[in-house]
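First up is the structure itself, then whatever we jot down about it.
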There are 2 protein chains.
Amino acid sequence: MTQESLVLQLAQSAKTASRVLALANTKLKDKALALMAQALRDNQAAIIRENEIDLERGKATGLSLALSDRLKLDGKRIQSMVQGLEELIKLPDPVGEVLGSIRRPNGLEVSRVRVPLGVVGIIYEARPNVTADAAGLCLKSGNAVILRGGSEAINSNRVIANLLARAVAQAGLPGDCVKILDDTSHEAIYELLKLEDYIDVIIPRGGEKLIRSVTEHSRIPVIKHYKGVCHVYVDNFADLDMAQKIAYNAKVQRPGVCNAMETLLVDVAIAGQFLPKMLEQLQQAKVEIRGCPRTQKLGQNIQPATEDDWYAEYLDLILAVKVVDGLDAAIEHIAKYGSQHSEAIVTNNYRHARRFQQEVDSSAVFVNASTRFNDGGEFGLGAEIGISTQKLHARGPMGLAELTSTKFVVWGDGQVRE
Amino acid sequence: MTQESLVLQLAQSAKTASRVLALANTKLKDKALALMAQALRDNQAAIIRENEIDLERGKATGLSLALSDRLKLDGKRIQSMVQGLEELIKLPDPVGEVLGSIRRPNGLEVSRVRVPLGVVGIIYEARPNVTADAAGLCLKSGNAVILRGGSEAINSNRVIANLLARAVAQAGLPGDCVKILDDTSHEAIYELLKLEDYIDVIIPRGGEKLIRSVTEHSRIPVIKHYKGVCHVYVDNFADLDMAQKIAYNAKVQRPGVCNAMETLLVDVAIAGQFLPKMLEQLQQAKVEIRGCPRTQKLGQNIQPATEDDWYAEYLDLILAVKVVDGLDAAIEHIAKYGSQHSEAIVTNNYRHARRFQQEVDSSAVFVNASTRFNDGGEFGLGAEIGISTQKLHARGPMGLAELTSTKFVVWGDGQVRE
């Protein structure tokens, strides 16, 4: 059989399974999630064995330490995958929720009801925990999933996906609800991205390069999770102690995630008062500062920021700092260089807070709070499959509800259109 | 200036205008809509003059009668464009609607608020009335619009778009909120479809070929309005008089639209009783019948249906008819050949109604009512830009709300993440 037809067969079997899963009730899906969690718990040794094969190969092929660390599974990480699946059992089932209902003058009753998307394709990089997280979220929302992880993690992903598929079958649902594409060639991905008749949405999770490549090749709608070039703007009317606390938290508390601050903007009116202490505190936390000329004058050991720095998502203890001429300049800087992810203003000025909230076009806009709160759990939405930076379908944290579509259900008594 | 940079310049100016429009209040947008309506009313003669140039050229280049009819503008059609704009004034503004708000344990207040998408690109064929309809819907929902109609209608579209842009400017909003791409070459479209940094969504309106081409070339998210291969299934538990009334309405009342029935499915148990009268009534209305072998035995002058007929969107007085072995066979036929647009069952059986409603995966599923009701106005949603057949972002009638995105707005008092 050719490779093309293997990918096609995989997608077709997922589609067939998705029609059964779409009709499954919550109890049955929760039973499957419990068995999925159980399967990972019971087979921890086997998972670690396969993961070690990936790690050995990574060592042989010169995988970076950072990637090796993301790839590595131990008892604690497997336990956290198990907990993730178990927490999904507690979340409400989005499928079947009625979003609105109207009785029309002619007596027709029209309801809008949440339904699963169908088949979700997840394309991701080295983290094998995504395999379990994505499979769980898709199952609870009634979607079959096709998992295509990076080649570095193929043995880990294969054992996890197969355990999960077997658990789903054990619960009485089609095992094909969880499929892994274990052909990690580019050709297999490109083939997959053309199967618009069988796959309803593609969610790429990973670096900018991966996401751009998927977007360019896909005929299937893509929900993008681009980079987070997040800004904190310290206004001339800010409580400067609060501003320092928020900026420090947004940069230092967990620098490797997409909602961490990458650029600090400071109004020139308070820069002289604010920046020296702020920069010192950041440098004590080992943050490398790259500043505009005005910033450089207010601290020690500050590299000059280049044009590229304003666009950069460092995901690291590096921060770009710019002194700006007030709110308008801050908003313009964000519009030009930002990635519409998470932005915060620190101010006690009512008009400035309101303008920033209205004029900054990001998935989450904060007044007097850290950008780090842009997160499904922190917003009370439950587990998320990522943070969407696009405007269509889902924007911001993407949870179970965002893994559904809707349909109109109409009850009549013989009505015809005049 | 090269063509590439002209398209880029157009998109950039629309993006700049969209940022101003996004912040405009409802009163100002309604004022612009009123002036847009006024401009079309006052310049009817000029519009008809430009339209005649298009019609003349169409005659010279052998445009079909059907296309010439779609292209033609007269007083009545211009009046209906004017009314369309005026009706938008009465509809509620979707921008700023709070879709949910929560106070988190740490005191953060998180709201999800509707915001405009930004810049909407509409790619359409010969109907110049789309120019006014789309511009009005986009303006009311706070979006700048780039209009790219077919070359056959270029003079009509240009005069209408320019009148509308001038009216928008007269209201005090940027005239660049309504832009027309009057380079109708393929190269200009392909260039436009790459400008993902300036255009937020592309809505193609037209035949299947146009939509497939746009989907394949676009890097910008596309909301598809594919074909409507709509089915009515007459169950063995149907009220047969009701079934005849519904099927007749779904086929004959307006055969050229996407929610008209294209295939009639009839349970074998009642086919002998139902079909002879039904087929006769349809044939009296000049409907050409293409039937399966069992259908052919129950009527006169019935062409044999080929495999292609089950996939066909005739948009004409042609109907495919199939006798099926019960509900399961009907659902399978729809899953295989349907376009997930509008499907109806006629039945008095509770279990069958419920199964059809749950198992048929279409944008609207009807019990005992005509498929022709799948329409924004009929569902009480107001004017629509089309009926989406995709599952992401918008499914079914796409009105003002579906021309928006959301953002999270978060009010804090210095909260940081632990």
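Residues are referred to by chain and number: the chain letter is A, B, ... according to the order shown in the structure tokens, the number counts from 1 in that chain, and ligands are numbered separately from 1 in the order shown.
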
Counting only C-alpha atoms, what are the residues of chain A within 7 Å of chain B, and for each of them which pair of atoms is the nearest and at what distance in Å, to one decimal? Sort the table by chain and rising number, as a tab-separated table.
```
residue	atom	partner	partner_atom	distance
A:Val110	CA	B:Phe379	CA	6.7
A:Leu117	CA	B:Lys391	CA	6.4
A:Thr215	CA	B:Arg219	CA	6.5
A:Glu216	CA	B:Arg219	CA	6.0
A:Arg219	CA	B:Glu216	CA	6.0
A:Met242	CA	B:Gly414	CA	5.7
A:Ile246	CA	B:Val416	CA	5.8
A:Asn249	CA	B:Val416	CA	6.1
A:Gln357	CA	B:Val409	CA	6.8
A:Ser362	CA	B:Lys407	CA	6.7
A:Ser363	CA	B:Lys407	CA	4.9
A:Ala364	CA	B:Phe408	CA	4.4
A:Val365	CA	B:Val409	CA	5.1
A:Phe366	CA	B:Val410	CA	4.7
A:Val367	CA	B:Trp411	CA	5.1
A:Asn368	CA	B:Gly414	CA	4.9
A:Ala369	CA	B:Gln415	CA	4.8
A:Ser370	CA	B:Val416	CA	5.2
A:Arg372	CA	B:Arg417	CA	6.4
A:Phe373	CA	B:Arg417	CA	6.7
A:Phe379	CA	B:Val110	CA	6.7
A:Lys391	CA	B:Ser405	CA	5.5
A:Leu392	CA	B:His393	CA	5.6
A:His393	CA	B:His393	CA	3.7
A:Arg395	CA	B:Thr406	CA	6.6
A:Ser405	CA	B:Lys391	CA	5.5
A:Thr406	CA	B:Arg395	CA	6.6
A:Lys407	CA	B:Ser363	CA	4.9
A:Phe408	CA	B:Ala364	CA	4.5
A:Val409	CA	B:Val365	CA	5.1
A:Val410	CA	B:Phe366	CA	4.7
A:Trp411	CA	B:Val367	CA	5.1
A:Gly412	CA	B:Asn368	CA	4.9
A:Asp413	CA	B:Asn368	CA	5.4
A:Gly414	CA	B:Asn368	CA	4.9
A:Gln415	CA	B:Ala369	CA	4.8
A:Val416	CA	B:Ser370	CA	5.2
A:Arg417	CA	B:Arg372	CA	6.4
```

With N, CA and C atoms retained, export the selected residues as a short mmCIF file (atom, residue, chain, number, x, y, z; two decimals), in the first residue's frame.
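Contents of out-v5.cif, as written:
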```
data_model
loop_
_atom_site.label_atom_id
_atom_site.label_comp_id
_atom_site.auth_asym_id
_atom_site.auth_seq_id
_atom_site.Cartn_x
_atom_site.Cartn_y
_atom_site.Cartn_z
N VAL A 110 -36.68 27.16 16.77
CA VAL A 110 -35.32 27.13 16.26
C VAL A 110 -34.34 27.18 17.43
N LEU A 117 -16.83 19.11 16.52
CA LEU A 117 -16.31 19.51 15.22
C LEU A 117 -16.21 18.31 14.29
N THR A 215 0.05 26.44 7.99
CA THR A 215 -0.93 27.37 7.43
C THR A 215 -0.81 27.45 5.91
N GLU A 216 0.44 27.45 5.43
CA GLU A 216 0.62 27.58 3.99
C GLU A 216 0.18 26.34 3.22
N ARG A 219 -5.35 22.83 3.38
CA ARG A 219 -6.67 23.17 2.82
C ARG A 219 -7.72 23.09 3.91
N MET A 242 3.04 49.03 42.28
CA MET A 242 2.22 48.01 41.62
C MET A 242 2.80 47.66 40.25
N ILE A 246 3.95 43.97 38.95
CA ILE A 246 3.30 43.34 37.78
C ILE A 246 4.34 43.03 36.70
N ASN A 249 6.55 40.13 37.75
CA ASN A 249 5.83 38.86 37.64
C ASN A 249 5.68 38.43 36.19
N GLN A 357 -7.89 49.49 26.95
CA GLN A 357 -8.75 48.31 26.86
C GLN A 357 -9.49 48.27 25.52
N SER A 362 -5.93 42.70 21.25
CA SER A 362 -5.25 41.46 21.63
C SER A 362 -6.27 40.49 22.21
N SER A 363 -5.88 39.22 22.29
CA SER A 363 -6.82 38.22 22.79
C SER A 363 -7.20 38.50 24.24
N ALA A 364 -6.28 39.07 25.01
CA ALA A 364 -6.62 39.50 26.38
C ALA A 364 -5.91 40.81 26.68
N VAL A 365 -6.68 41.75 27.22
CA VAL A 365 -6.15 43.07 27.56
C VAL A 365 -6.38 43.29 29.06
N PHE A 366 -5.30 43.55 29.79
CA PHE A 366 -5.36 43.64 31.25
C PHE A 366 -5.16 45.07 31.73
N VAL A 367 -5.91 45.45 32.75
CA VAL A 367 -5.64 46.70 33.46
C VAL A 367 -5.19 46.31 34.86
N ASN A 368 -4.00 46.75 35.22
CA ASN A 368 -3.46 46.51 36.57
C ASN A 368 -3.44 45.04 36.96
N ALA A 369 -2.98 44.20 36.04
CA ALA A 369 -2.77 42.78 36.36
C ALA A 369 -1.73 42.23 35.41
N SER A 370 -1.11 41.13 35.80
CA SER A 370 -0.03 40.52 35.02
C SER A 370 -0.57 39.83 33.78
N ARG A 372 0.43 37.20 32.68
CA ARG A 372 0.50 35.76 32.93
C ARG A 372 -0.87 35.15 33.22
N PHE A 373 -1.89 35.97 33.46
CA PHE A 373 -3.23 35.42 33.73
C PHE A 373 -3.98 34.99 32.47
N PHE A 379 -8.87 31.99 33.84
CA PHE A 379 -10.10 32.66 33.42
C PHE A 379 -11.34 31.84 33.80
N LYS A 391 -8.44 35.51 15.10
CA LYS A 391 -9.70 36.12 15.47
C LYS A 391 -10.89 35.25 15.13
N LEU A 392 -10.69 34.27 14.25
CA LEU A 392 -11.83 33.43 13.85
C LEU A 392 -12.00 32.24 14.78
N HIS A 393 -13.23 31.92 15.09
CA HIS A 393 -13.64 30.74 15.83
C HIS A 393 -13.27 30.80 17.31
N ARG A 395 -10.57 32.76 20.18
CA ARG A 395 -9.54 33.76 20.45
C ARG A 395 -9.22 33.70 21.93
N SER A 405 -18.60 22.91 17.32
CA SER A 405 -19.31 23.77 16.38
C SER A 405 -20.76 23.86 16.87
N THR A 406 -21.64 24.39 16.05
CA THR A 406 -23.06 24.42 16.42
C THR A 406 -23.88 23.93 15.24
N LYS A 407 -25.10 23.54 15.51
CA LYS A 407 -26.05 23.39 14.40
C LYS A 407 -27.40 23.92 14.82
N PHE A 408 -28.18 24.32 13.83
CA PHE A 408 -29.53 24.76 14.11
C PHE A 408 -30.45 23.54 14.04
N VAL A 409 -31.25 23.37 15.07
CA VAL A 409 -32.22 22.28 15.11
C VAL A 409 -33.59 22.94 15.09
N VAL A 410 -34.41 22.53 14.14
CA VAL A 410 -35.67 23.23 13.93
C VAL A 410 -36.83 22.23 14.00
N TRP A 411 -37.78 22.51 14.90
CA TRP A 411 -38.95 21.65 15.07
C TRP A 411 -40.17 22.35 14.46
N GLY A 412 -40.86 21.64 13.56
CA GLY A 412 -42.01 22.24 12.91
C GLY A 412 -43.24 21.35 12.94
N ASP A 413 -44.30 21.83 12.31
CA ASP A 413 -45.56 21.09 12.23
C ASP A 413 -46.09 21.15 10.81
N GLY A 414 -45.16 21.13 9.85
CA GLY A 414 -45.58 21.19 8.46
C GLY A 414 -45.38 22.54 7.82
N GLN A 415 -44.63 23.43 8.46
CA GLN A 415 -44.43 24.78 7.90
C GLN A 415 -43.72 24.73 6.53
N VAL A 416 -44.22 25.58 5.62
CA VAL A 416 -43.53 25.78 4.34
C VAL A 416 -43.33 27.28 4.16
N ARG A 417 -42.40 27.64 3.27
CA ARG A 417 -42.07 29.06 3.11
C ARG A 417 -42.97 29.68 2.05
#
```

Would you list, as a ChimeraX atom specification, the residues of segment 120-214 of chain A that end up in strand (DSSP E) under DSSP run on this structure's backbone? /A:120-124,144-148,178-180,201-205

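Near segment 146-150 of chain B, within 7 Å and counting only C-alpha atoms, sit Val120, Gly121, Ile122, Ile123, Tyr124, Glu125, Ala126, Thr131, Ala153, Ile154, Val178, Lys179, Ile180, Leu181, Asp182 and Thr184 of chain B, not including residues fewer than 3 positions from it in the same chain.
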
Next, write the just-selected residues to a file, as a short mmCIF file (atom, residue, chain, number, x, y, z; two decimals), in the first residue's frame, keeping N, CA and C atoms as the atom set.
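Here's the written file result_18.cif:
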```
data_model
loop_
_atom_site.label_atom_id
_atom_site.label_comp_id
_atom_site.auth_asym_id
_atom_site.auth_seq_id
_atom_site.Cartn_x
_atom_site.Cartn_y
_atom_site.Cartn_z
N VAL B 120 -12.39 42.65 6.33
CA VAL B 120 -13.04 41.49 5.71
C VAL B 120 -12.89 41.62 4.19
N GLY B 121 -12.41 40.56 3.56
CA GLY B 121 -12.33 40.53 2.10
C GLY B 121 -13.47 39.71 1.52
N ILE B 122 -14.25 40.31 0.62
CA ILE B 122 -15.37 39.59 0.01
C ILE B 122 -15.03 39.36 -1.46
N ILE B 123 -15.03 38.10 -1.87
CA ILE B 123 -14.74 37.78 -3.27
C ILE B 123 -15.99 37.17 -3.86
N TYR B 124 -16.55 37.82 -4.89
CA TYR B 124 -17.86 37.38 -5.37
C TYR B 124 -17.91 37.46 -6.88
N GLU B 125 -19.06 37.04 -7.43
CA GLU B 125 -19.15 36.94 -8.88
C GLU B 125 -19.98 38.09 -9.46
N ALA B 126 -20.96 37.77 -10.28
CA ALA B 126 -21.55 38.83 -11.10
C ALA B 126 -22.58 39.74 -10.42
N THR B 131 -22.19 44.13 -3.51
CA THR B 131 -21.33 45.27 -3.15
C THR B 131 -21.95 46.09 -2.03
N ALA B 153 -18.91 42.79 -13.79
CA ALA B 153 -19.68 43.82 -13.11
C ALA B 153 -18.82 44.99 -12.65
N ILE B 154 -17.61 45.11 -13.22
CA ILE B 154 -16.64 46.04 -12.65
C ILE B 154 -17.10 47.50 -12.64
N VAL B 178 -14.48 51.30 3.05
CA VAL B 178 -15.05 50.56 1.92
C VAL B 178 -14.09 50.70 0.75
N LYS B 179 -13.39 49.61 0.44
CA LYS B 179 -12.42 49.63 -0.65
C LYS B 179 -12.84 48.65 -1.73
N ILE B 180 -12.63 49.04 -2.98
CA ILE B 180 -12.88 48.08 -4.06
C ILE B 180 -11.54 47.76 -4.73
N LEU B 181 -11.33 46.45 -4.93
CA LEU B 181 -10.16 46.02 -5.70
C LEU B 181 -10.61 45.95 -7.15
N ASP B 182 -10.30 47.01 -7.93
CA ASP B 182 -10.86 47.00 -9.28
C ASP B 182 -9.90 46.43 -10.32
N THR B 184 -9.22 43.21 -11.70
CA THR B 184 -9.93 41.93 -11.62
C THR B 184 -9.09 40.77 -12.16
#
```

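Considering the residues A:Ile53, A:Ala45, A:Glu196, A:Val268 and counting only C-alpha atoms, Ala11 of chain A has its shortest atom-to-atom contact with A:Glu196.
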
Sorted by chain and rising residue number, which residues of segment 329-402 of chain A lie within 8 Å of segment 135-140 of chain A, and what are their closest atom pairs and distances in Å to one decimal, counting only C-alpha atoms, as a Markdown table?
```
| residue | atom | partner | partner_atom | distance |
| --- | --- | --- | --- | --- |
| A:Ala383 | CA | A:Leu137 | CA | 7.9 |
| A:Glu384 | CA | A:Leu137 | CA | 7.8 |
| A:Ile385 | CA | A:Leu137 | CA | 7.2 |
| A:Gly399 | CA | A:Leu137 | CA | 7.8 |
| A:Leu400 | CA | A:Leu137 | CA | 6.4 |
```

Step one, run DSSP on the backbone; step two, keep only residues of segment 244-331 of chain B assigned to helix (DSSP H, G or I); then write them as a PyMOL selection string. chain B and resi 244-252+268-284+293-296+307-311+326-331

Generate the output file for the selected residues, N, CA and C atoms, as a tab-separated table (two decimals), in the first residue's frame.
```tsv
chain	number	residue	atom	x	y	z
B	244	GLN	N	-45.86	15.92	1.19
B	244	GLN	CA	-45.97	16.41	-0.18
B	244	GLN	C	-45.87	17.93	-0.21
B	245	LYS	N	-46.54	18.58	0.75
B	245	LYS	CA	-46.50	20.03	0.83
B	245	LYS	C	-45.07	20.54	1.08
B	246	ILE	N	-44.37	19.88	2.00
B	246	ILE	CA	-43.01	20.30	2.36
B	246	ILE	C	-42.05	20.07	1.19
B	247	ALA	N	-42.11	18.88	0.59
B	247	ALA	CA	-41.18	18.57	-0.51
B	247	ALA	C	-41.43	19.50	-1.70
B	248	TYR	N	-42.70	19.76	-1.98
B	248	TYR	CA	-43.04	20.66	-3.10
B	248	TYR	C	-42.47	22.06	-2.84
B	249	ASN	N	-42.69	22.54	-1.62
B	249	ASN	CA	-42.17	23.86	-1.27
B	249	ASN	C	-40.65	23.92	-1.36
B	250	ALA	N	-39.99	22.88	-0.83
B	250	ALA	CA	-38.53	22.88	-0.78
B	250	ALA	C	-37.92	22.87	-2.19
B	251	LYS	N	-38.62	22.26	-3.15
B	251	LYS	CA	-38.10	22.23	-4.52
B	251	LYS	C	-38.53	23.42	-5.35
B	252	VAL	N	-39.82	23.76	-5.29
B	252	VAL	CA	-40.40	24.62	-6.33
B	252	VAL	C	-40.44	26.11	-5.94
B	268	VAL	N	-39.05	3.09	1.47
B	268	VAL	CA	-39.68	2.11	0.58
B	268	VAL	C	-41.08	1.70	1.08
B	269	ALA	N	-41.27	1.75	2.40
B	269	ALA	CA	-42.54	1.28	2.97
B	269	ALA	C	-43.73	2.13	2.53
B	270	ILE	N	-43.49	3.41	2.21
B	270	ILE	CA	-44.62	4.27	1.81
B	270	ILE	C	-44.40	4.84	0.40
B	271	ALA	N	-43.35	4.39	-0.28
B	271	ALA	CA	-43.03	4.95	-1.61
B	271	ALA	C	-44.17	4.71	-2.59
B	272	GLY	N	-44.75	3.53	-2.57
B	272	GLY	CA	-45.82	3.21	-3.52
B	272	GLY	C	-47.05	4.09	-3.32
B	273	GLN	N	-47.27	4.44	-2.08
B	273	GLN	CA	-48.43	5.28	-1.74
B	273	GLN	C	-48.13	6.76	-1.99
B	274	PHE	N	-46.88	7.15	-1.71
B	274	PHE	CA	-46.52	8.57	-1.71
B	274	PHE	C	-46.05	9.09	-3.07
B	275	LEU	N	-45.16	8.34	-3.71
B	275	LEU	CA	-44.44	8.92	-4.85
B	275	LEU	C	-45.30	9.23	-6.08
B	276	PRO	N	-46.23	8.36	-6.49
B	276	PRO	CA	-46.95	8.68	-7.73
B	276	PRO	C	-47.58	10.07	-7.72
B	277	LYS	N	-48.30	10.42	-6.64
B	277	LYS	CA	-48.92	11.75	-6.56
B	277	LYS	C	-47.87	12.86	-6.49
B	278	MET	N	-46.84	12.62	-5.68
B	278	MET	CA	-45.77	13.61	-5.50
B	278	MET	C	-45.08	13.92	-6.83
B	279	LEU	N	-44.71	12.85	-7.55
B	279	LEU	CA	-43.99	13.04	-8.82
B	279	LEU	C	-44.86	13.78	-9.83
B	280	GLU	N	-46.13	13.44	-9.82
B	280	GLU	CA	-47.05	14.07	-10.77
B	280	GLU	C	-47.14	15.58	-10.49
B	281	GLN	N	-47.30	15.91	-9.20
B	281	GLN	CA	-47.39	17.34	-8.85
B	281	GLN	C	-46.11	18.09	-9.25
B	282	LEU	N	-44.96	17.47	-9.00
B	282	LEU	CA	-43.69	18.11	-9.35
B	282	LEU	C	-43.56	18.28	-10.86
B	283	GLN	N	-43.96	17.24	-11.59
B	283	GLN	CA	-43.85	17.32	-13.06
B	283	GLN	C	-44.80	18.37	-13.62
B	284	GLN	N	-45.95	18.54	-12.97
B	284	GLN	CA	-46.87	19.60	-13.41
B	284	GLN	C	-46.23	20.97	-13.24
B	293	PRO	N	-33.96	3.20	-9.80
B	293	PRO	CA	-34.83	2.25	-10.49
B	293	PRO	C	-36.20	2.09	-9.81
B	294	ARG	N	-36.25	2.08	-8.48
B	294	ARG	CA	-37.53	1.90	-7.79
B	294	ARG	C	-38.43	3.12	-7.99
B	295	THR	N	-37.82	4.29	-8.08
B	295	THR	CA	-38.59	5.51	-8.34
B	295	THR	C	-39.16	5.48	-9.76
B	296	GLN	N	-38.33	5.02	-10.70
B	296	GLN	CA	-38.76	5.00	-12.10
B	296	GLN	C	-40.04	4.19	-12.30
B	307	GLU	N	-24.77	8.37	-10.64
B	307	GLU	CA	-24.04	8.65	-9.40
B	307	GLU	C	-23.85	10.17	-9.22
B	308	ASP	N	-23.55	10.86	-10.33
B	308	ASP	CA	-23.35	12.31	-10.27
B	308	ASP	C	-24.59	13.05	-9.78
B	309	ASP	N	-25.78	12.51	-10.09
B	309	ASP	CA	-27.00	13.21	-9.68
B	309	ASP	C	-27.12	13.31	-8.15
B	310	TRP	N	-26.62	12.30	-7.45
B	310	TRP	CA	-26.74	12.35	-5.98
B	310	TRP	C	-25.85	13.43	-5.38
B	311	TYR	N	-24.82	13.82	-6.10
B	311	TYR	CA	-23.92	14.89	-5.62
B	311	TYR	C	-24.33	16.27	-6.14
B	326	GLY	N	-35.49	2.73	4.66
B	326	GLY	CA	-35.66	3.20	6.03
B	326	GLY	C	-34.69	4.30	6.45
B	327	LEU	N	-34.83	4.69	7.72
B	327	LEU	CA	-34.11	5.83	8.28
B	327	LEU	C	-32.58	5.68	8.18
B	328	ASP	N	-32.06	4.49	8.53
B	328	ASP	CA	-30.60	4.33	8.50
B	328	ASP	C	-30.04	4.59	7.11
B	329	ALA	N	-30.73	4.05	6.09
B	329	ALA	CA	-30.26	4.24	4.72
B	329	ALA	C	-30.34	5.72	4.33
B	330	ALA	N	-31.36	6.42	4.79
B	330	ALA	CA	-31.49	7.85	4.49
B	330	ALA	C	-30.33	8.62	5.12
B	331	ILE	N	-30.05	8.33	6.38
B	331	ILE	CA	-28.95	9.03	7.07
B	331	ILE	C	-27.62	8.74	6.38
```

Point-to-point distance in Å for atom CA of Gly175 of chain B and atom CA of Gln38 of chain B: 15.8 Å

With only C-alpha atoms as the counted atoms, please give the residues lying no more than 7 Å from Leu33 of chain B, apart from itself and same-chain residues fewer than 4 positions off, as an MDAnalysis selection string. chainID B and resid 29 37 85:86 89 136

With only C-alpha atoms as the counted atoms, please give the residues lying no more than 10 Å from Thr16 of chain A, apart from itself and same-chain residues fewer than 5 positions off, as JSON, numbers by chain. {"A": [11, 21, 118, 119, 144, 174, 176, 177, 198]}

Counting only C-alpha atoms, the option among A:Asp267, A:Glu87, A:Asp74, A:Asp375 closest to Asn129 of chain A: A:Asp74
